[in-house]
Amino acid sequence: MVCRPEHAFHAFDTLYCALTPYSKPVEPLFADDKYPLFVTWNARTRRSSGGSGGWNTRLRGCIGTFDAQPLQSGLGEYALLSAFRDHRFRRVERRELPSLECGVSLLTDFEDAASYLDWTVGTHGIQISFTPPSTSPSASDAPSPLSSAISLLSRPLTSSSSFGARRTLSATYLPEVAPDQGWEHIDAIDSAIRKAGWNGRISEDLRRSVRVRRYQSRKCVVSWDEFVAWRDGRGFPVYPCWDEIDQGLK
């Protein structure tokens, strides 16, 4: 199954209705298949007229899960989690809606990599896990502040997980992160190790101890303007004067 704009529109609609409670949600019409998924919110600003035009984007929230979710409920759930519960950012507010774009990534083709280099930049996302050396400095619970970092929920191995005396750290990057950051394999692996919470020295032995699962994703991104047009086309117009409506409801 290919990720479709309808998936991103549904995620956007869930956030819109959560922030404008007088709005009625649009019923999803796509198949309720199950996939691991991520929902990403970016804030967009226009580039200066002296540049090449287009948009600059800034990560506003991203949370997902490797556990397969029914799309009709899972997309909405993770749309709200990524907008309201990504601890790296303050909650998304209603006034920000016109500046947002919504990306939905459906994850596929999971494979165990033979080594930390056994994946293709721009094609594969990576999910790493490792047990840090016990004689080295302790790991930190704080994730990397990189704007491309991805938060995880509903997963046995999160960014910092403990199993008795032996602690397993894990992290992930979606397929687009490495090329967007200009990273090669070692750059991405080292960044993921830091993101997982490891603050000690990154040696070649540590890299070789990292277990890597590679995966691919099918992604679709829609803007606020596209969402408004979609909702209008389904017979549920977006209200432009929220403050006036709020006053009328009081």
# chains A, B, ... in the order shown; residues from 1 in each chain; ligands from 1
>>> closest_atom_pairs(of="segment 83-109 of chain A", to="segment 10-26 of chain A", cutoff="8 Å", atoms="only C-alpha atoms", output="JSON lines")
{"residue": "A:Ala83", "atom": "CA", "partner": "A:Leu15", "partner_atom": "CA", "distance": 7.7}
{"residue": "A:Glu93", "atom": "CA", "partner": "A:Leu19", "partner_atom": "CA", "distance": 7.4}
{"residue": "A:Arg94", "atom": "CA", "partner": "A:Leu19", "partner_atom": "CA", "distance": 5.6}
{"residue": "A:Leu97", "atom": "CA", "partner": "A:Tyr16", "partner_atom": "CA", "distance": 7.5}
{"residue": "A:Cys102", "atom": "CA", "partner": "A:Phe12", "partner_atom": "CA", "distance": 6.3}
{"residue": "A:Val104", "atom": "CA", "partner": "A:Ala11", "partner_atom": "CA", "distance": 7.9}
>>> closest_atom_pairs(of="segment 2-90 of chain A", to="segment 208-232 of chain A", cutoff="6 Å", atoms="only C-alpha atoms", output="tab-separated table")
residue	atom	partner	partner_atom	distance
A:Cys3	CA	A:Arg218	CA	5.4
A:Pro5	CA	A:Cys220	CA	5.9
A:Phe9	CA	A:Phe227	CA	5.9
>>> write_last_selection(atoms="C-alpha atoms", output="mmCIF file, in the first residue's frame")
data_model
loop_
_atom_site.group_PDB
_atom_site.id
_atom_site.type_symbol
_atom_site.label_atom_id
_atom_site.label_comp_id
_atom_site.auth_asym_id
_atom_site.auth_seq_id
_atom_site.Cartn_x
_atom_site.Cartn_y
_atom_site.Cartn_z
ATOM 1 C CA CYS A 3 0.930 6.340 1.577
ATOM 2 C CA PRO A 5 -2.618 12.321 0.816
ATOM 3 C CA PHE A 9 -5.319 14.933 5.594
#
>>> select_by_dssp(residues="segment 8-55 of chain A", states="strand (DSSP E or B)", output="ChimeraX atom specification")
/A:34-46,55
>>> write_last_selection(atoms="C-alpha atoms", output="tab-separated table (two decimals), in the first residue's frame")
chain	number	residue	atom	x	y	z
A	34	LYS	CA	-2.18	-1.75	9.89
A	35	TYR	CA	1.28	-0.20	9.61
A	36	PRO	CA	4.05	1.08	11.83
A	37	LEU	CA	3.83	4.83	11.38
A	38	PHE	CA	5.17	8.27	12.22
A	39	VAL	CA	3.41	11.62	12.09
A	40	THR	CA	5.60	14.70	11.60
A	41	TRP	CA	4.62	18.35	12.00
A	42	ASN	CA	6.76	21.05	10.39
A	43	ALA	CA	6.33	24.81	10.66
A	44	ARG	CA	6.79	26.58	7.33
A	45	THR	CA	8.04	30.10	6.65
A	46	ARG	CA	8.56	31.70	3.25
A	55	TRP	CA	9.61	27.47	1.98
>>> residues_around(residues="Ile126 of chain A", least_positions_apart="6", cutoff="10 Å", atoms="only C-alpha atoms", output="list in words")
Phe110, Glu111, Asp112, Ala113, Tyr116, Trp119, Thr120, Ala171, Thr172, Tyr173, Leu174, Pro175, Val177, Ala178, Ala188, Ile189, Ala192, Arg211, Val212, Arg213, Arg214, Tyr215 and Gln216 of chain A
>>> residues_around(residues="Phe30 of chain A", least_positions_apart="5", cutoff="12 Å", atoms="only C-alpha atoms", output="PyMOL selection string")
chain A and resi 1-10+70-73+75
>>> closest_residue(among="A:Pro28, A:Pro98, A:Gly64, A:Gly74", to="Tyr239 of chain A", atoms="only C-alpha atoms")
A:Pro98
>>> residues_around(residues="Val121 of chain A", least_positions_apart="2", cutoff="9 Å", atoms="only C-alpha atoms", output="list in words")
Trp119, Thr123, His124, Gly125, Pro175, Glu176, Ala178, Pro179, Trp183, Glu184 and His185 of chain A
>>> write_last_selection(atoms="C-alpha atoms", output="CSV table (one decimal), in the first residue's frame")
chain,number,residue,atom,x,y,z
A,119,TRP,CA,22.0,0.1,4.7
A,123,THR,CA,16.6,4.6,1.0
A,124,HIS,CA,16.6,3.1,4.5
A,125,GLY,CA,15.7,4.3,7.9
A,175,PRO,CA,15.0,7.5,5.8
A,176,GLU,CA,15.0,11.2,4.9
A,178,ALA,CA,20.5,11.3,6.8
A,179,PRO,CA,20.3,13.0,3.3
A,183,TRP,CA,25.2,12.5,6.6
A,184,GLU,CA,27.0,9.4,5.5
A,185,HIS,CA,26.7,6.1,7.4
>>> atom_distance(atom1="atom CA of Asp118 of chain A", atom2="atom CA of Ile186 of chain A")
11.1 Å
>>> atom_distance(atom1="atom CA of Arg201 of chain A", atom2="atom CA of Pro132 of chain A")
10.4 Å
